[in-house]
Each structure stands twice: as C-alpha cells, then as structure tokens.
Amino acid sequence: MKPQDTGKKVEAGGATQTRLLARLLGRGVGSQGGLSLLAFLIVVYVVMVALRSPDFLSLASLFDLIRSGAAWTVVALGVLVVMVSGGIDVSFLANAILSAYVATVITKWTGLDSLAFALIVAMTIGALVGAINGLIISLFSLPTLITTLAMQGVIQGVLMVFLGAGPITAGHMPKSLRYFGTDVLFEFPDGPGFVGLSVFVVPLVFAVVATWYLLNRTAIGRATYAIGSNRLAAIRCGVNLLKINLVIYAYAGALAGLMGVMMVSDIRLVDPVTLVGNELLVLAAVVIGGAKLSGGAGSVSGVLLGMTLVTLLNNTLVTIGLSASWNKFFIGCALVLIASISHYRAKMRNLRQLNFDNI
Amino acid sequence: MITRRSVLVGGAGMLALGSMGRAAFGAESGKKYEIVMCAKQEGISWFDDMRKGVEQFAADFGANAYQIAPESGDPAKQAQMVESLIAKHVDAILVVPNDPQSIKPILEKARKAGIIVISHEAQSLAGVSNYDVEAFKNEDFGALMFENLAKAMGGEGKYAGIVGALTMETHMQWFKAGLEYAKKNYPKLEFVLSEPLEDNNDEKTALDKVNETLKKYPDLKGFFGCSVSGSSMAALAVEKLRRKDIKVVGLGLPSINGVYLEEGYQAEAQCWRPADAGYAAAYVAYKALKGEPIEAGIDLKRPGYEKVTIENGVVYGNATLVLTKDNYGDYGF
Amino acid sequence: MRTSENIGTHVAPAGVRPAIGFVGENHIMELLRLEGLSKRYIGTQALDAVDMTIEAGQVLCLAGANGSGKSTLIKCVAGGETPDSGKIIWQGQAYDSLTPSQSMALGIEIIYQDLSIFPDLTVAENIAFHVVQSRHRSWVDLREVDRIATKALHELGADLPLHARLGDLPIGARQTAAIARALTQDCRLLVMDEPTTALPSRDVAQLLSMVHRLKSKGMAIVFISHKLDELFEIADRFYVLRDGRKVGDYAPAELTTTRLSYLMTGVEFKGEKTQQEFEQIATPLLVVEDLRRRDQYHDVSFSLRPGEIIGFAGLTGSGRTELALTLFGLNPADAGKITLAGRPHSPRSPREAITNGIALVSEDRHGQGLFARKAIMTNIASSVFERSAGRFGLLSQASERTIGDTWIDKVRVKTPSGEEPVQSLSGGNQQKVVLAKWLATDPKILILDNPTVGIDVGSKMEIHDIVRQLARQGRGVIMISDDLEELVMSCNRVFLMQTGTLAAEFHGETLTVENLSSGLRQTS
C-alpha cells in the first residue's frame, strides 16, 4: 500500500467526516447542552411555584433571589476556578469567616470605618490563606481535598484558640458593614414596604466578570482548564503548576474574603461558627452547573445557573408550603439528575465512536 | 425497674448523708467550700455575665466559688474539665452542659465521689445531678412570650414564627404553651402557618426564611422567634423591609437584640439573667453542702428566685427577664 | 517553555521555520548527532554507548522491542533524563544533557503515544497552547489563537473544526492537532512515539501522508512503531536497538520484515504462514445468517467451526468491530439469526454472551477493565470471581494465586511474580494478562479485535502462538485486524468486509497479503 495512492482520497474523506461531526456537536459542545437543560429545569420549577403562588412572579422575588444568592455565588465562582483545575477546595467558608472576622476587628480597631477598607483587608487575608493552600498543594504534591480540609481545621483552630473569637454582634459591628447588608442601589414602594435591589449586585457582577475573564481570556485561565483536562500533558507543555496553583487558590481565597464580608453584613453578625458546614451545598451548585470533579470542565454561566437553582429551592419552600428538609431532597434530586444526564451524554458520544468503556 | 429505682433512691440517700458529713467537717474547720461552675464556653458574653453571678455569690457567702469553661463549646473538652474537678475533689460542681447526654456518666461519677452536682439548662439531668436549676417553667415562658406578642400587636392580626428546629423540645414547649395561651386569651390572633419555621440556629437560614414568609404574607402583623437567631433575624428582616408595623418578639439577648430593640425593629425580647442563674445554682449547692433543706418556697436571694418551686428534682424560679428599649442597656450579656 | 532570548526571535506564530528553506536539494544537513550515549538504571544498562545521526528532511525509524532503550533514548533527547556519559550534538553544538525547556527551545518536539492533548479545550486552543502559554502578556487573543491554528493546520494540509472540543473528535483528529501543535514551535525534529497504535487504518494513511509532507519541508522525524509494514512505507533509515545497544543502522532496501524482527529480538521466528493442522468438525460452533443492523452492516452470513480461526479485514467503519460487538451483546442486531452450538443466540448484554462462552478481547487494553495497580493474579482471577461471587462471597487469596499462576504460565507473562502490579508490565505482557483474564472464563469462542496493536514483535509472535494453541484445543477464534500479515499467518479464512457486507472470502491459496491489500485498496 503506498500512501500516495490513497492518501488524498482518505484525507478528504476524513475531513468531511470531522467537519460534519463538529457541526453536529456545535461550538462549546456537551456542557452547553447541559446548561440549557438546567435552564429548562429552573423555568419548570419557577412555573410550578408560580402556579401555587402567582404573586411569586415579581421583581421583588428576583431581587430577593439576587440578595440571598449573591454571597454564595461569589464564593462558588472561586470554587469553580479551583474545580476547573481538577482540584477541590473545602476551606473556602472557613477562610471567608476568618477574613471577615479579622477585617471587622481591624476596621473597628483602626477606626477606619470604611467598607472599601474592610473589603481590601478581607480579600487580602483570603488571598493569602488561599495562596498558602496553593503553595502546599504544589510543593508537596498533596491531594487538594486533604490540604484544604486541613486548612479548614487550622483556620477554625486559629479563630478559636488564638483569636478567642466570640461573636461580634450587630451593635458592635462597624457602621459601614452594618449598612452594606441593607443598602439598595435603587428602590420603589410596594404595598406596605418597598422593593429594592441590594448593593450586593455590585460585588456579584464584579466577581462574575472577573472570573469569566480569568478563565476565558487569560493564559492562566486557559492553563487552568488544561491542567484539569490533562495534568501530565500540561506539565509536559511546560505549564508552571506552582504559579497557576498560587494564582487560582489565591483568587478563590480573595473571593471567599469578599463573600465573608457580604455574608456578615447580610446577617449582621460575625460569628466564627457560622457558615462552616455549608461547603457541600456550594460544591453541589458548582457541579450542578456543569463542573466536573475531575477538572477541565465548568463555566461561569453554569455556576450562575446552578446557584440560581439551589437558591430558588432554598427560598421557595415556604411559598409552596414545604418544610426545610425538602430543600436537601430537591438538591439531591437535581444532582442525581444532572449527573445521570451528563453520564448519558458521554455514553452516547462514546457510542458514536464505538467506545464501550463506560457501559 | 422498681427494685432498680429503690436502689437508686437508697444510694442517693446515702450520698446525701455522706455529703452532710463532709459539710459538717467543712464548717468545723472553717474551710471555704470550693464550688465550681463549668460553663459551656469561654469568651461569650452570656457566660461572662454568669461568672459575675458566681463571683458575687463567692463574695456574699465567703465561698471559694469560681467559673471555668472550655475555649470552644466542645462537649469533650467540657467533660474533661469536669473529670479534673472530680480528681481535684472540689465540694460542688455546677454545670451548664454542652451535651447533657454525653456528660451524664461523668456527673454520675462525681456523685459517687461525694461531690454535689447542680445542673442548669438540662432538665433531662434531673436525678443525675442533685438538682437542676431553671429560671422558669417552659410553659410560663411560652405563655409570656405570646402575651407580649399579642399586646404588641394590639390583640389582633396575623402572625408567624420560627423555632430552632421542630425537634427542639424546649422551643416546641414554648411554642405549644404560647399558642394555646393565645388561642384562649386572644381569639383575634391568627397563626398563619401550619407549624413554625425552622432555622437550625443558622442566621442566614433564619433571615431567608423570615424574609420569604413576610413576602408571602404581606398582611402579617407579628412574628415570634423561639431562638435568638430567629428573633434577631426576624427583626433584621423587618428592618430590611422597613416594616416597623410588624411586631417582633422572642428569645433575645441584650448584646444581640439590643440594636433592634433600640431602633424599634423588635418590640420585646425575653430571656433570663445568667448571673442570677449562676448565683442561684451556687446557692443551691451551698445549701446542700451545709445540709440545709431544699424545698419549695426557699429564697435563693436573687430576683425571680425568691420563692422557688421544686418538681422532680428541678428547682424552678420565676425569673423571666423581659428586655425592652428602656432596660436592655442595663445588662451586659 | 522557551527561554526569554528565544521568544524574541520566534515570536511569529510560525510552523516550519524559514531556516529550513536553505536546505537545498541533495544538500545533507546533520541536525542531531548522539555520541556514545549511556544511561544506567539500577540493575539495567538502559543505553550502552549508542551513536545516532539524524539529518534534516529524513525519516528515521527507531526499531526495537520493549526494553530495548528506545524510551530512554527519547527521554535523553527530550530532556527528561540525564545521560551518564556521551554527547548530544545539535547542529554542531555539543551538550552533555538537555533540560526539557532547552530541548523545546532547540526545536525538538516529542509527540507521546497518549498525544498529551487537552480534551476539554478546543482544537484551536490545543494547537496554539504553547504559543499562548509562552507569551509574556497575560491575556489571550482568540483571533490570534485561530490564526495560529489555521496556519499550522495549513502546513499539515489538514482541516479540523477549530472550535470543536478536541475530546469530542475522533482519535485521528486529535493526533492531527497534536502534530499541528508541534509545528507552532519552530519544530526541527519531531519525535513520534507509536503514533499509529491507536489509529484506525484510514487515519494511518493520512498520518503517513502528513509525515511525508513535513519531511519534504525539511523537518527531521524520528518515528517509532511496532507495525513493521508502516515503517517500511516511510522510513529513510532504520536504527535498530536491542538491550540498550545499537544493533545497526540500515537502509530500507537492506531489510525485510522478517529480517527486522530478527534484528530486534535476536530470535528467528518460524512464524511465516502456518499450515492448518486440524480437522474440521462437522457441527459449527457459530452460525450467523443474514445478520443486519441499520447503518452498520447487512446480509452478513458465515460460520465458525471448532478449531478454526477466521479473520476479518476491512477499514474502520466497514462494520467489523460493530459485528463483533453484536456477537458479544453490546450492539444488538436488527434482524438475522445467530446460532450458537445449535441453539439460537441473541445476547442483550456481555454477561449473557460470557455465560454462553463468548469472550471479546478488544483493541483498547485500557478499557478492558484491567486494574492497573492491582496484582497480575488478581486481575486474571477477577473474571472468574465475578461469575462465582454468589457462591464464594469472599475472595480467597490462595485460589486467586492458583488461577493467576496457572495462566501466567500458560500465556507466558514475563514477570517475577503474580503479585507485581499490572502497570509494571510492558504492553505486550499486559495484553497477555487481558487474554488470560478472558481465557480463565473458559470461552468456546474467542473474539480478538486487533490483538497485537502496539505490541512489540516478540510478544506478538507469542500471542499468535497462544491463539493457535487455543484453536487446536477446539475453540473457535474470530480475529479482526488491520495487520494483514497477522491475518494471513494465523487464519484459515479471512473475510474482507466492505461497507457493512462480506465483500470477499480468502482462503488457502488465495489468502495472501497481496490479495488482501489489493482488496482493501478497492474498498477505499
């Protein structure tokens, strides 16, 4: 067989085949399909709630959803970046409360009662703690779960033992933080009260844009996908794992710090024992949004949709008259559904290529 | 069962005799009684206030009474601390347990060692400890909470409320007694939910749930919170919606709910004073050490504890503290 | 990654550099010379004073069995390994050793067998990955990424959908992307480690034509493959390594596949065409009649007798693998009849097929449920235990060892002990473990899909030997292969499959590599 004989014909055939395949699968592929399904689920759920309680379809509900979900979404975006790299972070909520606690104390102590100052302090501390995570993971090649789990313990220990942290109550919180949680961008009257869009939308938009840019338009972001996609290949291509890990864990930490300040302002209480324990809820939202535990996949729009679903499930149970336990049931169902569907899609894709590995 | 109980009673009697002997010895030699309060946690204002009560007692009675607590609210650490008190052979241990079930065997051990044990906020330990001291009967506390709510609402209108969890016995006792009281005395009040909301002692959950409820029932006039997180977050939700027309009452602390009382987002908060509870518990222990009778009607020398009642090993005061805009500043817990 | 000096000069997202332009006709330019390269690991001399020379515009085939030192040699050139002694001379400049970034900066690119691509990134991003990551600016210009990818693909004469997720494309497309990526790095020397192992035959042809194209542009290529016929198609020069020593370098004209096998292994294989040495018993094991599955195959009829080995040749997509999967219960037929030892057989699951005595050893070793980190004996025994788990409940170490040792011996797995993990074995020996695992279930019919892909010559002959023995014991074997020589050597009859039907049958006198190959050519 001489390649000259068949080469041209075969080449042409191969090209048409791949082109056709690409057209079938479209740009961005699989994950996009998953997201439209998720969006569909959200719409179906909203319609269901609205059927039981027509008042639900209102601007007020949308604004409530944004205020309630904003802080969680901010921290989830940091988690997304880590998960894209194939890692997992469970220290983010401990980091958030540590950052917020120290920021509150420093703000009170220096008398610099400014929101910007508190945010800078919190995000710096968060980023430092995150960078330590990244450093340990890179230097000792430790599993990310173990490292961040240990970090979670260390942070809580630091809070309890070294800082002797009792809660800082509403009366003792700096004014700037107290009103960060109640301020609105704009408002209009509504019945006996009013409807307003929480200022939380500002850090939310900031985190969404920054994360999207980091992941999609920077060399580091693309390298993050590469590491999650094929770690060995990334190393062979000369990707600097230490640098990438430092950046992504510090970034996740900074967002945790931001989230911490949002959260304590929202509930007007800085208590070291709050937050921690909700990590799996955030991870679930990120996974529902299309991120894979093995890395390489996940998107900002996925996190937004995943968080929207989780927040919706959380904040509509009273409206449809179910007890709080249903929340976990629904989130569990959503997880199973999304996981099954993405597995099914992968299976169908493999079937087309006659690969029977995962049957 | 019967034989076992009689053995237990007999044992308790012998123990009581034993401790009387020790008490007599202590009095003779002029030795100060060592009475130690082992609280839930260090560094929180509630137990800082309780320490004041224990120290006040020490000053009043010339006893060596003081308070210790684990850094974190860790049941295992607390158990360890009680163990070391047993080893030290103090005269009396006062305890506010983080986990009544897990500390039970250690308290039994203390009793066997002849140490007087007084518990607080742990009615289930009555019988294990010599006495459990409570500031009030739960039924009374719940009825008072709903009485205050009804008054704040002007005796009529719709209301809703939140508890820590439907499985929390104390909160549910308050709620049930209060609901019954309200039905009987304020027929124009209407509880709009089939059962109270749950916050699992998490502020964020409480805030979101209250907010959602206030949105779903825009004509709501009142809201009660059986947990501190529930009542304070209800007040915060009311503040965020600028709906001072919704009256919030419930369990609350000056340090946490004070802001909302001050600014008018919470009508009233109820609690009991930890200093007084600590003082009263120490006094019961002191009386037991001295061999003085502990019976209904005795005066424990603190407001609300002047004429206690005793049922099944639980000493009840009538010491509910109602906090308002005007008085919350008097208390530092 | 490149050093900063180099970035300055190579900023243009270029494929094959202009430097290659001055390689005039008949002008031979030495690119890389290895002198007396040695490397010793504990216990083995991986490389023993190896010399080698590669010229620009030359395809050099590195041939050698597993453990011959090929991988070590490549690692020394790629910069992953430091040689104990010897020199690496690149365009006249001598180095004792190279670091990975040095090697890349010189223009040496390695395409590993696993391709090292990023399945979750797009085609364009995969191709432009090096360029984007070595930039000093932090943001990514997507149009530039597309431009780089388009240019590199153009150099290759290939066409891929730039914005498709690479993991969604067939293996051939992934390989093309991997090569295109190498071209963005001013590549002068491209090392391809078993590039055709996982490739369907259609894509192999395309790959070889790409290699020709790169060669004609003056790039030097080191090509490693176990498929000897491929090597003969493209090689300008053969370097044969054995046990870390250079056996010699040869022009293709000096060699035949048999001679090359001998040079690589030092063993003379009698393995030319063997005579069919068994009686054909009347009752067939398997009869297939008018089998059809929409869009895959139709009108397929054949029978398999005990002791018989029948082969299926054909391009990927001709329906051969699909047919095998049907017999194994993974791809149910729409119509037609399968009779197994006189009884109708239409398996809906592999379990059913296995119970009925059918085993399938597929092309992809890694998808075969080998537990790479578990002991060899555990792997072999696993298929048996799976079947009898209900009775035993627990796995007994002793019986595991018995089963393991028996089969390690029978299929001649080269290992110090059955307790070694499977991943410590070479590809050939891993394939023997797969075979053993299935044979332990005592199948009546064994279906082999490309059983010797990516396996060195020595192990390949051994596997053929085992297969023939199995047939002699009265089993039936169905062998699907792209390796025509393998089919001719082992099979009694070979069917040529073409667009879903059995287009021709070759047996006896007509069963020759030439006939099969011309049949295949007509197909394409």
# chains A, B, ... in the order shown; residues from 1 in each chain; ligands from 1
call {"tool": "closest_atom_pairs", "arguments": {"of": "chain A", "to": "chain B", "cutoff": "10 Å", "atoms": "only C-alpha atoms", "output": "Markdown table"}}
result
| residue | atom | partner | partner_atom | distance |
| --- | --- | --- | --- | --- |
| A:Ser53 | CA | B:Lys216 | CA | 8.5 |
| A:Asp55 | CA | B:Lys216 | CA | 8.0 |
| A:Phe56 | CA | B:Lys216 | CA | 8.2 |
| A:Ala60 | CA | B:Lys215 | CA | 8.6 |
| A:Ser61 | CA | B:Lys215 | CA | 8.5 |
| A:Asp64 | CA | B:Asn211 | CA | 8.5 |
| A:Leu65 | CA | B:Asp208 | CA | 9.6 |
| A:Arg67 | CA | B:Asp208 | CA | 9.7 |
| A:Ser68 | CA | B:Asp208 | CA | 7.0 |
| A:Gly157 | CA | B:Ser72 | CA | 9.4 |
| A:Leu159 | CA | B:Ser72 | CA | 9.9 |
| A:Met160 | CA | B:Ser72 | CA | 6.4 |
| A:Val161 | CA | B:Glu71 | CA | 6.9 |
| A:Gly164 | CA | B:Gly43 | CA | 6.7 |
| A:Ala165 | CA | B:Gly43 | CA | 7.2 |
| A:Gly166 | CA | B:Ile44 | CA | 5.4 |
| A:Pro167 | CA | B:Ile44 | CA | 7.3 |
| A:Ile168 | CA | B:Ile256 | CA | 8.8 |
| A:Thr169 | CA | B:Ile256 | CA | 5.4 |
| A:Ala170 | CA | B:Ile256 | CA | 6.2 |
| A:Gly171 | CA | B:Val259 | CA | 5.5 |
| A:His172 | CA | B:Ser255 | CA | 8.6 |
| A:Tyr179 | CA | B:Lys240 | CA | 9.8 |
| A:Gly181 | CA | B:Lys240 | CA | 8.5 |
| A:Thr182 | CA | B:Lys240 | CA | 5.6 |
| A:Asp183 | CA | B:Lys240 | CA | 8.4 |
| A:Val184 | CA | B:Lys240 | CA | 9.6 |
| A:Gly191 | CA | B:Pro218 | CA | 8.0 |
| A:Pro192 | CA | B:Arg243 | CA | 7.2 |
| A:Gly193 | CA | B:Leu241 | CA | 5.8 |
| A:Phe194 | CA | B:Leu241 | CA | 6.5 |
| A:Val195 | CA | B:Leu241 | CA | 8.0 |
| A:Gly196 | CA | B:Leu241 | CA | 9.0 |
| A:Ser198 | CA | B:Lys240 | CA | 10.0 |
| A:Met263 | CA | B:Lys204 | CA | 8.1 |
| A:Val264 | CA | B:Lys204 | CA | 9.3 |
| A:Asp266 | CA | B:Lys204 | CA | 7.9 |
| A:Ile267 | CA | B:Lys204 | CA | 6.1 |
| A:Arg268 | CA | B:Leu236 | CA | 8.2 |
| A:Leu269 | CA | B:Glu203 | CA | 8.2 |
| A:Asp271 | CA | B:Glu203 | CA | 9.7 |
| A:Val273 | CA | B:Asp202 | CA | 9.4 |
| A:Thr274 | CA | B:Asp202 | CA | 6.9 |
| A:Leu275 | CA | B:Asp202 | CA | 8.3 |
| A:Thr311 | CA | B:Asp208 | CA | 10.0 |
| A:Asn314 | CA | B:Asp208 | CA | 8.4 |
| A:Asn315 | CA | B:Asp208 | CA | 6.6 |
| A:Thr316 | CA | B:Glu212 | CA | 7.4 |
| A:Leu317 | CA | B:Lys209 | CA | 8.6 |
| A:Val318 | CA | B:Thr213 | CA | 6.5 |
| A:Thr319 | CA | B:Lys216 | CA | 6.4 |
| A:Ile320 | CA | B:Lys216 | CA | 9.8 |
| A:Gly321 | CA | B:Leu193 | CA | 8.7 |
| A:Leu322 | CA | B:Leu197 | CA | 9.9 |
| A:Ser323 | CA | B:Leu197 | CA | 7.6 |
| A:Ala324 | CA | B:Glu198 | CA | 7.0 |
| A:Ser325 | CA | B:Glu198 | CA | 9.5 |
call {"tool": "residues_around", "arguments": {"residues": "Phe238 of chain C", "least_positions_apart": "6", "cutoff": "6 Å", "atoms": "only C-alpha atoms", "output": "PyMOL selection string"}}
result
chain C and resi 60-61+249-250
call {"tool": "select_by_dssp", "arguments": {"residues": "segment 325-375 of chain C", "states": "alpha helix (DSSP H)", "output": "VMD selection string"}}
result
chain C and resid 325 to 327 350 to 355
call {"tool": "interface_residues", "arguments": {"of": "chain C", "to": "chain A", "cutoff": "8 Å", "atoms": "only C-alpha atoms", "output": "NGL selection string"}}
result
:C and (1 or 101 or 116-122 or 130 or 132-133 or 138-142 or 158-161 or 163-165 or 168-170 or 173 or 202-203 or 205-206 or 208-209 or 233 or 322 or 367-368 or 517 or 521 or 524)
call {"tool": "write_last_selection", "arguments": {"atoms": "C-alpha atoms", "output": "PDB file, in the first residue's frame"}}
result
ATOM      1  CA  MET C   1       8.935  26.633  27.813  1.00  0.00           C
ATOM      2  CA  SER C 101      12.840  23.654  28.055  1.00  0.00           C
ATOM      3  CA  SER C 116      -0.708  14.911  25.516  1.00  0.00           C
ATOM      4  CA  ILE C 117      -3.667  16.870  24.249  1.00  0.00           C
ATOM      5  CA  PHE C 118      -6.298  18.661  26.293  1.00  0.00           C
ATOM      6  CA  PRO C 119      -9.670  17.067  25.542  1.00  0.00           C
ATOM      7  CA  ASP C 120     -11.624  19.892  27.187  1.00  0.00           C
ATOM      8  CA  LEU C 121     -10.045  22.690  25.160  1.00  0.00           C
ATOM      9  CA  THR C 122     -10.975  23.497  21.585  1.00  0.00           C
ATOM     10  CA  HIS C 130       2.449  26.515  23.542  1.00  0.00           C
ATOM     11  CA  VAL C 132      -0.232  31.310  24.229  1.00  0.00           C
ATOM     12  CA  GLN C 133       1.433  29.955  27.345  1.00  0.00           C
ATOM     13  CA  SER C 138      -1.394  37.549  30.332  1.00  0.00           C
ATOM     14  CA  TRP C 139      -4.466  37.893  28.124  1.00  0.00           C
ATOM     15  CA  VAL C 140      -5.465  35.657  25.295  1.00  0.00           C
ATOM     16  CA  ASP C 141      -6.395  36.948  21.844  1.00  0.00           C
ATOM     17  CA  LEU C 142      -8.839  34.413  20.442  1.00  0.00           C
ATOM     18  CA  ALA C 158      -5.208  19.112   7.281  1.00  0.00           C
ATOM     19  CA  ASP C 159      -8.594  20.524   8.098  1.00  0.00           C
ATOM     20  CA  LEU C 160     -10.164  20.431  11.535  1.00  0.00           C
ATOM     21  CA  PRO C 161     -13.129  22.290  13.043  1.00  0.00           C
ATOM     22  CA  HIS C 163     -13.871  25.476  17.736  1.00  0.00           C
ATOM     23  CA  ALA C 164     -14.906  21.908  18.438  1.00  0.00           C
ATOM     24  CA  ARG C 165     -13.919  20.419  21.754  1.00  0.00           C
ATOM     25  CA  ASP C 168     -15.246  15.087  21.017  1.00  0.00           C
ATOM     26  CA  LEU C 169     -13.315  14.446  17.831  1.00  0.00           C
ATOM     27  CA  PRO C 170     -12.062  11.049  16.671  1.00  0.00           C
ATOM     28  CA  ALA C 173      -8.255  14.379  14.549  1.00  0.00           C
ATOM     29  CA  ARG C 202      -7.852   5.212   7.327  1.00  0.00           C
ATOM     30  CA  ASP C 203      -6.195   7.692   9.662  1.00  0.00           C
ATOM     31  CA  ALA C 205      -2.738   6.657   5.774  1.00  0.00           C
ATOM     32  CA  GLN C 206      -3.461  10.285   6.471  1.00  0.00           C
ATOM     33  CA  LEU C 208       1.799   8.891   6.900  1.00  0.00           C
ATOM     34  CA  SER C 209       0.998  11.433   4.217  1.00  0.00           C
ATOM     35  CA  GLU C 233       6.403   2.763   3.932  1.00  0.00           C
ATOM     36  CA  GLU C 322     -19.724  -3.464  15.109  1.00  0.00           C
ATOM     37  CA  GLY C 367     -10.806  -0.086  28.519  1.00  0.00           C
ATOM     38  CA  GLN C 368     -10.579  -3.796  29.268  1.00  0.00           C
ATOM     39  CA  SER C 517      -4.197  -5.486   0.360  1.00  0.00           C
ATOM     40  CA  ARG C 521      -7.443  -0.749  -1.805  1.00  0.00           C
ATOM     41  CA  SER C 524     -11.195   2.631  -0.274  1.00  0.00           C
TER      42      SER C 524
END
call {"tool": "residues_around", "arguments": {"residues": "Ala39 of chain B", "least_positions_apart": "2", "cutoff": "6 Å", "atoms": "only C-alpha atoms", "output": "list in words"}}
result
Met37, Gln41, Ala69, Val95 and Val96 of chain B
call {"tool": "select_by_dssp", "arguments": {"residues": "segment 137-313 of chain B", "states": "strand (DSSP E or B)", "output": "PyMOL selection string"}}
result
chain B and resi 157-163+189-191+197-198+220-225+247-251+268-272+309-311
call {"tool": "write_last_selection", "arguments": {"atoms": "C-alpha atoms", "output": "PDB file, in the first residue's frame"}}
result
ATOM      1  CA  GLY B 157     -53.961  40.196  63.447  1.00  0.00           C
ATOM      2  CA  LYS B 158     -51.964  37.515  61.638  1.00  0.00           C
ATOM      3  CA  TYR B 159     -48.652  36.261  62.887  1.00  0.00           C
ATOM      4  CA  ALA B 160     -45.989  33.663  62.146  1.00  0.00           C
ATOM      5  CA  GLY B 161     -42.912  32.421  63.936  1.00  0.00           C
ATOM      6  CA  ILE B 162     -39.717  30.442  63.899  1.00  0.00           C
ATOM      7  CA  VAL B 163     -38.077  27.844  66.154  1.00  0.00           C
ATOM      8  CA  LEU B 189     -54.899  36.440  66.685  1.00  0.00           C
ATOM      9  CA  GLU B 190     -54.296  34.118  63.753  1.00  0.00           C
ATOM     10  CA  PHE B 191     -51.248  31.893  63.357  1.00  0.00           C
ATOM     11  CA  LEU B 197     -40.410  27.738  60.503  1.00  0.00           C
ATOM     12  CA  GLU B 198     -37.051  26.174  61.369  1.00  0.00           C
ATOM     13  CA  LEU B 220     -48.592  39.853  58.722  1.00  0.00           C
ATOM     14  CA  LYS B 221     -48.679  41.899  61.959  1.00  0.00           C
ATOM     15  CA  GLY B 222     -46.483  39.898  64.269  1.00  0.00           C
ATOM     16  CA  PHE B 223     -43.590  37.446  64.374  1.00  0.00           C
ATOM     17  CA  PHE B 224     -42.130  35.412  67.218  1.00  0.00           C
ATOM     18  CA  GLY B 225     -38.720  33.776  67.429  1.00  0.00           C
ATOM     19  CA  LYS B 247     -44.021  43.375  65.723  1.00  0.00           C
ATOM     20  CA  VAL B 248     -41.210  41.000  66.581  1.00  0.00           C
ATOM     21  CA  VAL B 249     -40.880  39.328  69.986  1.00  0.00           C
ATOM     22  CA  GLY B 250     -38.987  36.296  71.160  1.00  0.00           C
ATOM     23  CA  LEU B 251     -35.964  34.924  72.875  1.00  0.00           C
ATOM     24  CA  GLU B 268     -39.610  42.948  73.201  1.00  0.00           C
ATOM     25  CA  ALA B 269     -37.116  40.220  73.906  1.00  0.00           C
ATOM     26  CA  GLN B 270     -37.278  37.633  76.652  1.00  0.00           C
ATOM     27  CA  CYS B 271     -34.523  35.800  78.426  1.00  0.00           C
ATOM     28  CA  TRP B 272     -33.225  35.114  81.886  1.00  0.00           C
ATOM     29  CA  THR B 309     -40.877  25.667  93.260  1.00  0.00           C
ATOM     30  CA  ILE B 310     -39.443  22.165  93.073  1.00  0.00           C
ATOM     31  CA  GLU B 311     -40.709  19.358  90.858  1.00  0.00           C
TER      32      GLU B 311
END
call {"tool": "atom_distance", "arguments": {"atom1": "atom CA of Phe302 of chain C", "atom2": "atom CA of Val288 of chain C"}}
result
5.2 Å
call {"tool": "residues_around", "arguments": {"residues": "Ile146 of chain A", "least_positions_apart": "2", "cutoff": "10 Å", "atoms": "only C-alpha atoms", "output": "short mmCIF file (atom, residue, chain, number, x, y, z; two decimals) with C-alpha atoms, in the first residue's frame"}}
result
data_model
loop_
_atom_site.label_atom_id
_atom_site.label_comp_id
_atom_site.auth_asym_id
_atom_site.auth_seq_id
_atom_site.Cartn_x
_atom_site.Cartn_y
_atom_site.Cartn_z
CA ILE A 88 -11.30 20.77 45.20
CA ASP A 89 -11.40 23.36 47.95
CA VAL A 90 -13.30 22.80 51.19
CA ILE A 137 -0.50 21.65 47.19
CA LEU A 142 -0.65 16.80 48.21
CA PRO A 143 -4.23 15.93 47.32
CA THR A 144 -6.21 19.16 47.26
CA THR A 148 -7.89 22.26 52.14
CA LEU A 149 -9.60 20.09 54.72
CA ALA A 150 -6.54 20.54 56.94
CA MET A 151 -6.62 24.27 56.21
CA GLN A 152 -10.25 24.40 57.29
#
call {"tool": "residues_around", "arguments": {"residues": "segment 425-440 of chain C", "least_positions_apart": "5", "cutoff": "6 Å", "atoms": "only C-alpha atoms", "output": "VMD selection string"}}
result
chain C and resid 380 407 413 455 459
call {"tool": "residues_around", "arguments": {"residues": "segment 476-480 of chain C", "least_positions_apart": "5", "cutoff": "9 Å", "atoms": "only C-alpha atoms", "output": "VMD selection string"}}
result
chain C and resid 285 to 286 304 to 314 320 to 321 324 444 to 451 467 to 468 470 to 471 487 490 to 491 494
call {"tool": "residues_around", "arguments": {"residues": "Leu57 of chain A", "least_positions_apart": "6", "cutoff": "10 Å", "atoms": "only C-alpha atoms", "output": "list in words"}}
result
Val46, Val47, Val49, Ala50 and Leu51 of chain A
call {"tool": "write_last_selection", "arguments": {"atoms": "C-alpha atoms", "output": "mmCIF file, in the first residue's frame"}}
result
data_model
loop_
_atom_site.group_PDB
_atom_site.id
_atom_site.type_symbol
_atom_site.label_atom_id
_atom_site.label_comp_id
_atom_site.auth_asym_id
_atom_site.auth_seq_id
_atom_site.Cartn_x
_atom_site.Cartn_y
_atom_site.Cartn_z
ATOM 1 C CA VAL A 46 -40.451 28.670 38.643
ATOM 2 C CA VAL A 47 -43.644 27.893 36.745
ATOM 3 C CA VAL A 49 -44.047 27.713 42.198
ATOM 4 C CA ALA A 50 -45.942 30.423 40.332
ATOM 5 C CA LEU A 51 -48.887 28.071 39.810
#
call {"tool": "atom_distance", "arguments": {"atom1": "atom CA of Asp299 of chain B", "atom2": "atom CA of Tyr279 of chain B"}}
result
12.0 Å
